[in-house]
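Visitor: I'd like to ask some things about the structure below.
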Amino acid sequence: MLELSHVSKCLGKKQVLKDVSLQIEDGSILGLIGPNGAGKSTLLRMIAGVYRCDGGRITLDGERVFDHREAKSQILFISDDPFQFFHATLREMKAFYAQWYELDEALYYQYLQMFQLDERKLLKQFSKGMKRQAFILLGLAAQPRYLLLDEAFDGLDPLMRRHFKHVIAQRIADRQMSVVMASHDLKEMEGLCDHFMMLEGGCLRYSGDMQETLGQVHRIQLAFAQEVQPEWFAQLDVVTMNIKSRVVNLYVRGDVERIKEYLKTYKPLVMEILPVNLEELFIQEVMHQKEVRR
């Protein structure tokens with residue numbers, strides 16, 4: 001198991017991460033979300049052992065990743081701008097990866113055919129999307145225990161995204177590989193990830209099972225015969241609230257049946273409860289944190 005315990009990091013004088021703790025189980029897909037500058041890329045580099053923790057520790061099966069070569073060999077990080085030799089072909093990058101990981105050539109050629117890439121072509125001649133496909137191909141064929149992806153879907157067309165999600169699910173089923181991915185494409189993340197964590201201002205604001213968490217946050221639209229008073233909702237775990245005269249829109253955490261029964265005591269004329277997706281949750285949580293800091 002990969003574990004982050006009270007992890008902090010400064011880059012120069014800037015505190016990028018503050019007291020982040022998390023456990024990443026084998027065979028899981030963790031979505032890492034947050035606004036620009038939240039610390040997502042830095043956290044991925046720390047998990048991979050590229051950066052040392054300034055505070056706390058990151059361990060794989062009890063061994064500190066940064067100080068342990070064997071732990072690092074089980075983790076592969078693909079950044080949003082992956083490293084490549086300037087005049088390297090895909091075939092030559094395959095040979096380079098094979099020096100560090102147990103690269104499966106049969107898988108490599110299977111994915112090469114799926115993504116329809118020319119392994120003899122210089123990577124610098126690839127388009128952005130083709131280059132992303134090439135490094136995903138290498139990452140999957142290398143068979144790491146933990147695959148870390150920064151901006152996982154960037155540059156992939158809809159068909160390639162479909163192939164990507166299929167092979168990710170296949171590798172998890174076959175080898176219990178775990179994936180940690182950062183992306184701004186929250187719709188794709190919601191459909192693929194079983195867990196997520198939200199970073200904001202370098203802090204872990206939210207984490208948990210994807211579907212369970214979304215099932216505990218509700219968008220509620222209400223209309224009343226009289227002017228709405230904010231104190232009516234003080235007993236609820238309100239994420240955000242927007243009141244316009246006799247109409248209110250709420251994002252609320254908690255058991256939906258208990259929330260409904262509570263709201264009925266104020267005799268609303270209209271009460272509509274709508275499902276919440278990951279993008280809405282992200283937006284409302286960021287807005288909530290901004291309000292808290294005011």
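We label chains A, B, ... in the order they appear in the structure tokens, count residues from 1 in each chain, and number ligands from 1 in the order shown.
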So that I can see what lies close to Phe77 (chain A), please list as a list of chain:residue names the residues with an atom at most 8 Å from it, counting only C-alpha atoms and leaving out residues fewer than 3 positions away in the same chain.
Guide: A:Leu44, A:Arg45, A:Ala48, A:Leu147, A:Leu148, A:Leu149, A:Asp150
Visitor: Compile a residue-level contact table for region 121-207 of chain A against region 94-107 of chain A at a cut-off of 10 Å, reporting for every qualifying residue the shortest atom pair and its distance in Å to one decimal, with only C-alpha atoms counted, rows ordered by chain and ascending number, as a tab-separated table.
Guide:
residue	atom	partner	partner_atom	distance
A:Ala134	CA	A:Lys94	CA	9.7
A:Phe135	CA	A:Lys94	CA	9.5
A:Leu137	CA	A:Leu107	CA	8.7
A:Leu138	CA	A:Lys94	CA	6.5
A:Gly139	CA	A:Tyr97	CA	8.5
A:Leu140	CA	A:Leu107	CA	8.0
A:Ala141	CA	A:Asp104	CA	5.4
A:Ala142	CA	A:Leu103	CA	3.9
A:Gln143	CA	A:Leu103	CA	6.3
A:Pro144	CA	A:Tyr101	CA	7.2
Visitor: Show me a table, sorted first by chain and then by increasing residue number, of the residues of region 183-294 of chain A having an atom at most 9 Å from region 6-24 of chain A, each with its shortest atom pair and the distance in Å to one decimal, counting only C-alpha atoms and written as JSON lines.
Guide:
{"residue": "A:Met197", "atom": "CA", "partner": "A:Leu22", "partner_atom": "CA", "distance": 8.7}
{"residue": "A:Leu199", "atom": "CA", "partner": "A:Leu17", "partner_atom": "CA", "distance": 8.9}
{"residue": "A:Gly201", "atom": "CA", "partner": "A:Val16", "partner_atom": "CA", "distance": 7.6}
{"residue": "A:Gly202", "atom": "CA", "partner": "A:Leu17", "partner_atom": "CA", "distance": 4.1}
{"residue": "A:Cys203", "atom": "CA", "partner": "A:Lys18", "partner_atom": "CA", "distance": 5.3}
{"residue": "A:Leu204", "atom": "CA", "partner": "A:Val20", "partner_atom": "CA", "distance": 5.7}
{"residue": "A:Ser207", "atom": "CA", "partner": "A:Leu22", "partner_atom": "CA", "distance": 8.5}
Visitor: Would you save the residues of that selection, restricted to C-alpha atoms, as a PDB file, in the first residue's frame?
Guide:
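File produced: part_7.pdb:
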ATOM      1  CA  MET A 197      -8.929  13.640  -3.637  1.00  0.00           C
ATOM      2  CA  LEU A 199      -6.381  19.748  -3.337  1.00  0.00           C
ATOM      3  CA  GLY A 201      -4.319  25.885  -1.622  1.00  0.00           C
ATOM      4  CA  GLY A 202      -1.904  23.003  -1.070  1.00  0.00           C
ATOM      5  CA  CYS A 203      -4.238  21.307   1.425  1.00  0.00           C
ATOM      6  CA  LEU A 204      -6.346  18.183   1.135  1.00  0.00           C
ATOM      7  CA  SER A 207     -11.266  12.722  -0.393  1.00  0.00           C
TER       8      SER A 207
END
Visitor: Taking into account only C-alpha atoms, which residue in the set A:Ile259, A:Cys193, A:Asp209, A:Met271 is nearest to Leu222 (chain A)?
Guide: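 Answer, going by the shortest atom-to-atom distance: A:Met271.
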Visitor: Please report, as a ChimeraX atom specification, each residue of region 64-229 of chain A to which DSSP assigns alpha helix (DSSP H) when run on this structure's backbone.
Guide: /A:69-72,90-98,105-115,128-141,158-175,186-192,210-214
Visitor: Give the answer as one residue: which of A:Leu60, A:Ile172, A:Ala182, A:Met114 has the shortest atom-to-atom distance to Gly31 (chain A), using only C-alpha atoms?
Guide: A:Ala182
Visitor: Please determine, counting only C-alpha atoms, which residue among A:Phe233, A:Tyr251, A:Tyr146, A:Phe224 has the shortest atom-to-atom distance to Gly27 (chain A).
Guide: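 Smallest separation from Gly27 (chain A) among the options: A:Tyr146.
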Visitor: Just to confirm, what's the straight-line distance from CA of Arg258 (chain A) to CA of Ile33 (chain A) in Å (one decimal)?
Guide: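 Calculated distance between CA of Arg258 (chain A) and CA of Ile33 (chain A) is 29.5 Å.
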Visitor: Would you mind reading off the distance between CA of Arg162 (chain A) and CA of Gly191 (chain A), one decimal, in Å?
Guide: 11.1 Å
Visitor: As a list of chain:residue names, please: the residues near Met160 (chain A) (cut-off 10 Å, only C-alpha atoms, same-chain neighbours under 2 positions excluded).
Guide: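 Non-adjacent residues within range: A:Met114, A:Phe115, A:Gly129, A:Met130, A:Gln133, A:Phe153, A:Gly155, A:Leu156, A:Asp157, A:Pro158, A:Arg162, A:His163, A:Phe164, A:Lys165, A:His166.
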Visitor: Closest to Leu122 (chain A) among A:Met177, A:Ala152, A:Val256, A:Leu90, using only C-alpha atoms?
Guide: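 Smallest distance to Leu122 (chain A) is found for A:Leu90.
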Visitor: Which one of A:Glu280, A:Glu3, A:Glu257, A:Asp80 sits closest to Leu214 (chain A) if you count only C-alpha atoms?
Guide: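 Answer, going by the shortest atom-to-atom distance: A:Glu280.
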Visitor: Have a look at CA of Ala169 (chain A) and CA of Glu25 (chain A) and let me know their distance in Å, one decimal.
Guide: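 Distance reported for this atom pair: 15.3 Å.
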Visitor: DSSP on the backbone: what in region 156-245 of chain A comes out strand (DSSP E or B), as a PyMOL selection string?
Guide: chain A and resi 178-182+195-200+203-209+217-223+237-244
Visitor: Quick one: of A:Val228, A:Ile283, A:Leu269, A:Leu192, who's nearest to Thr240 (chain A), counting only C-alpha atoms?
Guide: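 Looking at the shortest contact to Thr240 (chain A), the residue is A:Ile283.
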Visitor: Write out as an mmCIF file with C-alpha atoms, in the first residue's frame each polymer residue whose atoms come within 12 Å of Gly49 (chain A), counting only C-alpha atoms; drop sequence neighbours fewer than 4 positions from it.
Guide:
data_model
loop_
_atom_site.group_PDB
_atom_site.id
_atom_site.type_symbol
_atom_site.label_atom_id
_atom_site.label_comp_id
_atom_site.auth_asym_id
_atom_site.auth_seq_id
_atom_site.Cartn_x
_atom_site.Cartn_y
_atom_site.Cartn_z
ATOM 1 C CA THR A 42 4.130 18.554 -7.148
ATOM 2 C CA LEU A 43 2.319 15.833 -5.228
ATOM 3 C CA LEU A 44 2.661 13.377 -8.139
ATOM 4 C CA ARG A 45 6.395 14.081 -8.323
ATOM 5 C CA CYS A 53 9.296 15.624 1.507
ATOM 6 C CA ARG A 57 6.679 10.839 4.670
ATOM 7 C CA ILE A 58 5.562 8.871 1.621
ATOM 8 C CA THR A 59 5.969 5.106 1.954
ATOM 9 C CA LEU A 60 5.303 2.031 -0.164
ATOM 10 C CA GLU A 63 9.597 1.880 2.858
ATOM 11 C CA ARG A 64 10.229 5.568 2.204
ATOM 12 C CA VAL A 65 9.881 6.019 -1.558
ATOM 13 C CA PHE A 66 12.482 8.781 -1.965
ATOM 14 C CA ASP A 67 15.234 6.760 -0.273
ATOM 15 C CA HIS A 68 14.366 3.297 -1.606
ATOM 16 C CA ARG A 69 15.257 2.268 -5.156
ATOM 17 C CA GLU A 70 13.054 -0.819 -5.099
ATOM 18 C CA ALA A 71 10.036 1.279 -4.123
ATOM 19 C CA LYS A 72 10.764 3.764 -6.924
ATOM 20 C CA SER A 73 10.965 0.933 -9.463
ATOM 21 C CA GLN A 74 7.318 0.089 -8.736
ATOM 22 C CA ILE A 75 6.121 3.633 -9.518
ATOM 23 C CA LEU A 76 6.069 5.271 -12.947
ATOM 24 C CA PHE A 77 5.261 8.953 -13.404
ATOM 25 C CA LEU A 148 0.949 8.337 -12.066
#
